[in-house]
file my_file34.csv (CSV, C-alpha atoms)
chain,number,residue,atom,x,y,z
F,1,MET,CA,17.7,-18.4,2.8
F,2,LYS,CA,14.1,-18.9,3.8
F,3,LEU,CA,11.0,-17.4,2.3
F,4,LYS,CA,8.5,-15.8,4.7
F,5,SER,CA,5.3,-13.9,4.0
F,6,TYR,CA,3.5,-11.3,6.0
F,7,THR,CA,0.1,-9.6,5.9
F,8,PRO,CA,-0.6,-5.9,6.2
F,9,GLY,CA,0.1,-4.6,9.7
F,10,GLU,CA,2.0,-7.7,10.7
F,11,TYR,CA,5.3,-7.2,12.5
F,12,LEU,CA,8.4,-8.7,11.0
F,13,ALA,CA,10.2,-7.6,14.1
F,14,MET,CA,9.4,-5.5,17.2
F,15,LYS,CA,11.7,-3.0,18.9
F,16,GLY,CA,13.5,-4.8,21.6
F,17,ASP,CA,13.4,-8.3,20.0
F,18,ILE,CA,16.7,-9.9,19.6
F,19,GLY,CA,17.8,-9.9,16.0
F,20,THR,CA,19.1,-13.2,14.7
F,21,GLU,CA,18.5,-12.8,10.9
F,22,MET,CA,18.6,-10.2,8.1
F,23,PHE,CA,15.7,-9.6,5.7
F,24,LEU,CA,15.7,-9.1,1.9
F,25,ILE,CA,12.4,-7.6,0.6
F,26,LEU,CA,11.1,-9.5,-2.5
F,27,HIS,CA,7.6,-8.1,-2.8
F,28,GLY,CA,5.6,-5.4,-1.0
F,29,LYS,CA,6.5,-2.5,1.3
F,30,VAL,CA,7.7,-2.4,4.8
F,31,SER,CA,8.0,0.5,7.3
F,32,VAL,CA,10.8,0.8,9.8
F,33,LYS,CA,9.4,2.8,12.8
F,34,LYS,CA,10.8,4.1,16.0
F,35,PHE,CA,8.2,4.5,18.7
F,36,GLY,CA,8.5,7.6,20.9
F,37,ALA,CA,6.7,8.2,24.2
F,38,ASP,CA,3.6,9.6,22.5
F,39,HIS,CA,3.9,9.1,18.8
F,40,LYS,CA,5.2,6.9,16.0
F,41,GLU,CA,7.9,8.1,13.7
F,42,VAL,CA,8.6,6.4,10.3
F,43,VAL,CA,12.3,6.1,9.9
F,44,GLU,CA,12.2,4.6,6.4
F,45,HIS,CA,10.3,2.5,3.9
F,46,LEU,CA,11.8,-0.6,2.4
F,47,VAL,CA,10.7,-1.9,-1.0
F,48,PRO,CA,11.7,-4.9,-3.2
F,49,GLY,CA,15.5,-5.1,-3.4
F,50,ASN,CA,16.1,-3.4,0.0
F,51,SER,CA,17.5,-5.3,3.0
F,52,TYR,CA,17.4,-4.8,6.7
F,53,GLY,CA,19.3,-6.2,9.6
F,54,THR,CA,22.7,-7.1,8.2
F,55,VAL,CA,24.3,-6.1,11.5
F,56,PHE,CA,22.4,-9.1,13.1
F,57,LEU,CA,24.5,-11.5,11.0
F,58,ILE,CA,27.6,-10.1,12.8
F,59,LYS,CA,26.3,-9.4,16.3
F,60,ARG,CA,23.2,-10.5,18.2
F,61,MET,CA,21.5,-7.4,19.6
F,62,SER,CA,18.0,-6.0,20.0
F,63,PHE,CA,16.1,-4.3,17.2
F,64,PRO,CA,16.4,-0.5,17.6
F,65,GLU,CA,13.1,-0.1,15.6
F,66,SER,CA,10.0,-2.0,14.7
F,67,VAL,CA,9.6,-3.4,11.2
F,68,ILE,CA,6.0,-3.6,10.0
F,69,ALA,CA,4.4,-4.9,6.7
F,70,GLU,CA,2.5,-2.1,4.9
F,71,ASN,CA,0.9,-4.5,2.5
F,72,TYR,CA,1.4,-8.1,1.6
F,73,VAL,CA,5.1,-8.8,1.9
F,74,ASP,CA,7.4,-11.6,0.8
F,75,ILE,CA,10.9,-11.7,2.2
F,76,LEU,CA,14.0,-13.9,2.2
F,77,THR,CA,15.7,-14.3,5.6
F,78,LEU,CA,19.3,-15.3,6.3
F,79,SER,CA,20.0,-16.4,9.9
F,80,LYS,CA,23.2,-15.8,11.7
F,81,ASP,CA,23.8,-19.5,12.0
F,82,ASP,CA,23.4,-20.0,8.3
F,83,PHE,CA,25.6,-17.1,7.6
F,84,VAL,CA,28.4,-18.6,9.8
F,85,GLU,CA,28.0,-22.0,8.1
F,86,ILE,CA,28.3,-20.4,4.6
F,87,GLY,CA,31.3,-18.5,5.8
F,88,SER,CA,33.0,-21.7,6.8
F,89,PHE,CA,33.0,-22.7,3.2
F,90,TYR,CA,34.5,-19.4,2.0
F,91,PRO,CA,36.9,-18.2,4.8
F,92,GLU,CA,38.5,-15.5,2.6
F,93,VAL,CA,35.2,-13.9,1.8
F,94,MET,CA,34.1,-14.2,5.5
F,95,SER,CA,37.3,-12.5,6.6
F,96,LYS,CA,36.7,-9.6,4.2
F,97,LEU,CA,33.0,-9.3,5.3
F,98,LEU,CA,34.0,-9.2,9.0
F,99,LYS,CA,36.7,-6.6,8.4
F,100,ARG,CA,34.1,-4.5,6.5
F,101,ALA,CA,31.6,-4.9,9.5
F,102,VAL,CA,34.3,-3.7,11.9
F,103,HIS,CA,34.7,-0.6,9.7
F,104,LEU,CA,31.0,0.0,9.4
F,105,TYR,CA,29.7,-1.0,12.8
F,106,GLY,CA,32.8,-0.9,15.0
F,107,TYR,CA,32.5,-4.5,16.1
call {"tool": "encode", "arguments": {"input": "my_file34.csv", "output": "structure tokens"}}
result
Amino acid sequence: MKLKSYTPGEYLAMKGDIGTEMFLILHGKVSVKKFGADHKEVVEHLVPGNSYGTVFLIKRMSFPESVIAENYVDILTLSKDDFVEIGSFYPEVMSKLLKRAVHLYGY
């Protein structure tokens, strides 16, 4: 996992970007927002211990929302490539995770 830091108002991800990693919030607060035609809607707030984007470890797709730092934020990221590499060392665990993903996400 890699440590990244963001300042208030900085985008961790923008709606439409291709997701290639998941985030684990270590410090700070993040807003997940959907942007409508004429207004912003806060979908949820993420705080230390929350994660976002696990689906991007299974399938590359675009972000359905924007993820924005509300204050100073430190996160750990795990890329899809690193996830696959780790899974090659633990094939039984990877098999269980992928079966769970099919159940949750239908992939």
call {"tool": "atom_distance", "arguments": {"input": "my_file34.csv", "atom1": "CA of Val67 in chain F", "atom2": "CA of Ala13 in chain F"}}
result
5.1 Å
call {"tool": "atom_distance", "arguments": {"input": "my_file34.csv", "atom1": "CA of Leu46 in chain F", "atom2": "CA of Pro8 in chain F"}}
result
14.0 Å
call {"tool": "residues_around", "arguments": {"input": "my_file34.csv", "residues": "range 95-100 of chain F", "least_positions_apart": "2", "cutoff": "12 Å", "atoms": "all atoms listed in the file", "output": "MDAnalysis selection string"}}
result
chainID F and resid 54:55 57:59 83:84 87:93 102:107
call {"tool": "write_last_selection", "arguments": {"input": "my_file34.csv", "atoms": "C-alpha atoms", "output": "PDB file, in the frame of the given file"}}
result
ATOM      1  CA  THR F  54      22.700  -7.100   8.200  1.00  0.00           C
ATOM      2  CA  VAL F  55      24.300  -6.100  11.500  1.00  0.00           C
ATOM      3  CA  LEU F  57      24.500 -11.500  11.000  1.00  0.00           C
ATOM      4  CA  ILE F  58      27.600 -10.100  12.800  1.00  0.00           C
ATOM      5  CA  LYS F  59      26.300  -9.400  16.300  1.00  0.00           C
ATOM      6  CA  PHE F  83      25.600 -17.100   7.600  1.00  0.00           C
ATOM      7  CA  VAL F  84      28.400 -18.600   9.800  1.00  0.00           C
ATOM      8  CA  GLY F  87      31.300 -18.500   5.800  1.00  0.00           C
ATOM      9  CA  SER F  88      33.000 -21.700   6.800  1.00  0.00           C
ATOM     10  CA  PHE F  89      33.000 -22.700   3.200  1.00  0.00           C
ATOM     11  CA  TYR F  90      34.500 -19.400   2.000  1.00  0.00           C
ATOM     12  CA  PRO F  91      36.900 -18.200   4.800  1.00  0.00           C
ATOM     13  CA  GLU F  92      38.500 -15.500   2.600  1.00  0.00           C
ATOM     14  CA  VAL F  93      35.200 -13.900   1.800  1.00  0.00           C
ATOM     15  CA  VAL F 102      34.300  -3.700  11.900  1.00  0.00           C
ATOM     16  CA  HIS F 103      34.700  -0.600   9.700  1.00  0.00           C
ATOM     17  CA  LEU F 104      31.000   0.000   9.400  1.00  0.00           C
ATOM     18  CA  TYR F 105      29.700  -1.000  12.800  1.00  0.00           C
ATOM     19  CA  GLY F 106      32.800  -0.900  15.000  1.00  0.00           C
ATOM     20  CA  TYR F 107      32.500  -4.500  16.100  1.00  0.00           C
TER      21      TYR F 107
END
call {"tool": "closest_residue", "arguments": {"input": "my_file34.csv", "among": "F:Gly28, F:Pro64, F:Gly49, F:Gly19", "to": "Thr7 in chain F", "atoms": "all atoms listed in the file"}}
result
F:Gly28
call {"tool": "atom_distance", "arguments": {"input": "my_file34.csv", "atom1": "CA of Val32 in chain F", "atom2": "CA of Asp82 in chain F"}}
result
24.4 Å
call {"tool": "residues_around", "arguments": {"input": "my_file34.csv", "residues": "Glu10 in chain F", "least_positions_apart": "4", "cutoff": "9 Å", "atoms": "all atoms listed in the file", "output": "MDAnalysis selection string"}}
result
chainID F and resid 6 67:71
call {"tool": "residues_around", "arguments": {"input": "my_file34.csv", "residues": "Leu26 in chain F", "least_positions_apart": "3", "cutoff": "10 Å", "atoms": "all atoms listed in the file", "output": "PDB file with C-alpha atoms, keeping the file's coordinate frame"}}
result
ATOM      1  CA  LEU F   3      11.000 -17.400   2.300  1.00  0.00           C
ATOM      2  CA  LYS F   4       8.500 -15.800   4.700  1.00  0.00           C
ATOM      3  CA  SER F   5       5.300 -13.900   4.000  1.00  0.00           C
ATOM      4  CA  PHE F  23      15.700  -9.600   5.700  1.00  0.00           C
ATOM      5  CA  LYS F  29       6.500  -2.500   1.300  1.00  0.00           C
ATOM      6  CA  VAL F  47      10.700  -1.900  -1.000  1.00  0.00           C
ATOM      7  CA  PRO F  48      11.700  -4.900  -3.200  1.00  0.00           C
ATOM      8  CA  GLY F  49      15.500  -5.100  -3.400  1.00  0.00           C
ATOM      9  CA  ASN F  50      16.100  -3.400   0.000  1.00  0.00           C
ATOM     10  CA  SER F  51      17.500  -5.300   3.000  1.00  0.00           C
ATOM     11  CA  VAL F  73       5.100  -8.800   1.900  1.00  0.00           C
ATOM     12  CA  ASP F  74       7.400 -11.600   0.800  1.00  0.00           C
ATOM     13  CA  ILE F  75      10.900 -11.700   2.200  1.00  0.00           C
ATOM     14  CA  LEU F  76      14.000 -13.900   2.200  1.00  0.00           C
TER      15      LEU F  76
END
call {"tool": "closest_residue", "arguments": {"input": "my_file34.csv", "among": "F:Gly9, F:Glu85, F:Ser79, F:Phe63", "to": "Leu24 in chain F", "atoms": "only C-alpha atoms"}}
result
F:Ser79
call {"tool": "closest_residue", "arguments": {"input": "my_file34.csv", "among": "F:Lys2, F:Asp17, F:Tyr72, F:Thr77", "to": "Tyr52 in chain F", "atoms": "all atoms listed in the file"}}
result
F:Thr77
call {"tool": "closest_residue", "arguments": {"input": "my_file34.csv", "among": "F:Met22, F:Val30, F:Leu12, F:Met94", "to": "Val43 in chain F", "atoms": "only C-alpha atoms"}}
result
F:Val30
call {"tool": "closest_residue", "arguments": {"input": "my_file34.csv", "among": "F:Arg60, F:Glu41, F:Ser66, F:Leu78", "to": "Ile25 in chain F", "atoms": "all atoms listed in the file"}}
result
F:Leu78
call {"tool": "closest_residue", "arguments": {"input": "my_file34.csv", "among": "F:Val42, F:Lys80, F:Ser62, F:Met1", "to": "Glu21 in chain F", "atoms": "all atoms listed in the file"}}
result
F:Lys80
call {"tool": "decode", "arguments": {"input": "my_file34.csv", "residues": "range 1-35 of chain F", "atoms": "N, CA and C atoms", "output": "tab-separated table (two decimals), in the first residue's frame"}}
result
chain	number	residue	atom	x	y	z
F	1	MET	N	0.84	-1.17	0.00
F	1	MET	CA	0.00	0.00	0.00
F	1	MET	C	0.89	1.24	0.00
F	2	LYS	N	0.37	2.30	-0.58
F	2	LYS	CA	1.12	3.55	-0.67
F	2	LYS	C	0.39	4.64	0.09
F	3	LEU	N	1.16	5.47	0.77
F	3	LEU	CA	0.62	6.59	1.52
F	3	LEU	C	0.52	7.81	0.61
F	4	LYS	N	-0.65	8.46	0.64
F	4	LYS	CA	-0.86	9.69	-0.12
F	4	LYS	C	-1.52	10.71	0.80
F	5	SER	N	-1.23	11.98	0.57
F	5	SER	CA	-1.81	13.06	1.37
F	5	SER	C	-2.51	14.05	0.45
F	6	TYR	N	-3.61	14.62	0.95
F	6	TYR	CA	-4.40	15.58	0.18
F	6	TYR	C	-4.72	16.78	1.06
F	7	THR	N	-4.87	17.94	0.43
F	7	THR	CA	-5.23	19.17	1.12
F	7	THR	C	-6.72	19.43	0.96
F	8	PRO	N	-7.30	20.30	1.81
F	8	PRO	CA	-8.73	20.58	1.72
F	8	PRO	C	-9.15	21.02	0.31
F	9	GLY	N	-10.21	20.41	-0.19
F	9	GLY	CA	-10.74	20.73	-1.50
F	9	GLY	C	-10.10	19.96	-2.65
F	10	GLU	N	-9.06	19.23	-2.37
F	10	GLU	CA	-8.38	18.46	-3.42
F	10	GLU	C	-9.16	17.19	-3.73
F	11	TYR	N	-9.20	16.85	-5.01
F	11	TYR	CA	-9.92	15.66	-5.45
F	11	TYR	C	-9.03	14.43	-5.33
F	12	LEU	N	-9.54	13.41	-4.67
F	12	LEU	CA	-8.88	12.11	-4.66
F	12	LEU	C	-9.22	11.41	-5.96
F	13	ALA	N	-10.44	11.65	-6.45
F	13	ALA	CA	-10.91	11.09	-7.71
F	13	ALA	C	-12.07	11.95	-8.21
F	14	MET	N	-12.17	12.06	-9.52
F	14	MET	CA	-13.27	12.80	-10.12
F	14	MET	C	-14.21	11.84	-10.84
F	15	LYS	N	-15.49	12.16	-10.78
F	15	LYS	CA	-16.48	11.35	-11.48
F	15	LYS	C	-16.04	11.20	-12.93
F	16	GLY	N	-16.06	9.96	-13.41
F	16	GLY	CA	-15.67	9.68	-14.79
F	16	GLY	C	-14.25	9.19	-14.94
F	17	ASP	N	-13.37	9.48	-13.95
F	17	ASP	CA	-12.01	8.94	-13.99
F	17	ASP	C	-12.09	7.42	-13.91
F	18	ILE	N	-11.10	6.75	-14.47
F	18	ILE	CA	-11.04	5.29	-14.38
F	18	ILE	C	-10.42	4.91	-13.04
F	19	GLY	N	-11.13	4.10	-12.29
F	19	GLY	CA	-10.65	3.66	-10.98
F	19	GLY	C	-9.67	2.51	-11.12
F	20	THR	N	-8.50	2.66	-10.49
F	20	THR	CA	-7.49	1.61	-10.56
F	20	THR	C	-6.96	1.25	-9.18
F	21	GLU	N	-7.56	1.84	-8.12
F	21	GLU	CA	-7.09	1.56	-6.77
F	21	GLU	C	-8.20	1.83	-5.77
F	22	MET	N	-8.04	1.24	-4.60
F	22	MET	CA	-8.97	1.53	-3.50
F	22	MET	C	-8.26	2.43	-2.50
F	23	PHE	N	-9.06	3.14	-1.69
F	23	PHE	CA	-8.54	4.06	-0.69
F	23	PHE	C	-8.91	3.57	0.70
F	24	LEU	N	-8.01	3.73	1.65
F	24	LEU	CA	-8.30	3.51	3.07
F	24	LEU	C	-7.95	4.81	3.78
F	25	ILE	N	-8.95	5.42	4.41
F	25	ILE	CA	-8.76	6.72	5.06
F	25	ILE	C	-8.04	6.49	6.39
F	26	LEU	N	-6.89	7.17	6.56
F	26	LEU	CA	-6.13	7.09	7.80
F	26	LEU	C	-6.39	8.29	8.70
F	27	HIS	N	-6.49	9.47	8.10
F	27	HIS	CA	-6.64	10.71	8.85
F	27	HIS	C	-7.44	11.69	8.00
F	28	GLY	N	-8.37	12.40	8.64
F	28	GLY	CA	-9.13	13.41	7.93
F	28	GLY	C	-10.52	12.95	7.55
F	29	LYS	N	-11.18	13.78	6.74
F	29	LYS	CA	-12.56	13.52	6.33
F	29	LYS	C	-12.69	13.77	4.83
F	30	VAL	N	-13.38	12.86	4.17
F	30	VAL	CA	-13.56	12.90	2.73
F	30	VAL	C	-15.05	12.89	2.41
F	31	SER	N	-15.46	13.65	1.40
F	31	SER	CA	-16.84	13.61	0.93
F	31	SER	C	-16.91	12.87	-0.39
F	32	VAL	N	-17.90	12.03	-0.52
F	32	VAL	CA	-18.19	11.35	-1.78
F	32	VAL	C	-19.42	12.05	-2.33
F	33	LYS	N	-19.29	12.68	-3.51
F	33	LYS	CA	-20.37	13.52	-4.04
F	33	LYS	C	-20.73	13.12	-5.46
F	34	LYS	N	-22.04	13.16	-5.71
F	34	LYS	CA	-22.56	13.03	-7.07
F	34	LYS	C	-22.93	14.43	-7.51
F	35	PHE	N	-22.61	14.77	-8.73
F	35	PHE	CA	-22.92	16.09	-9.25
F	35	PHE	C	-24.09	15.99	-10.21
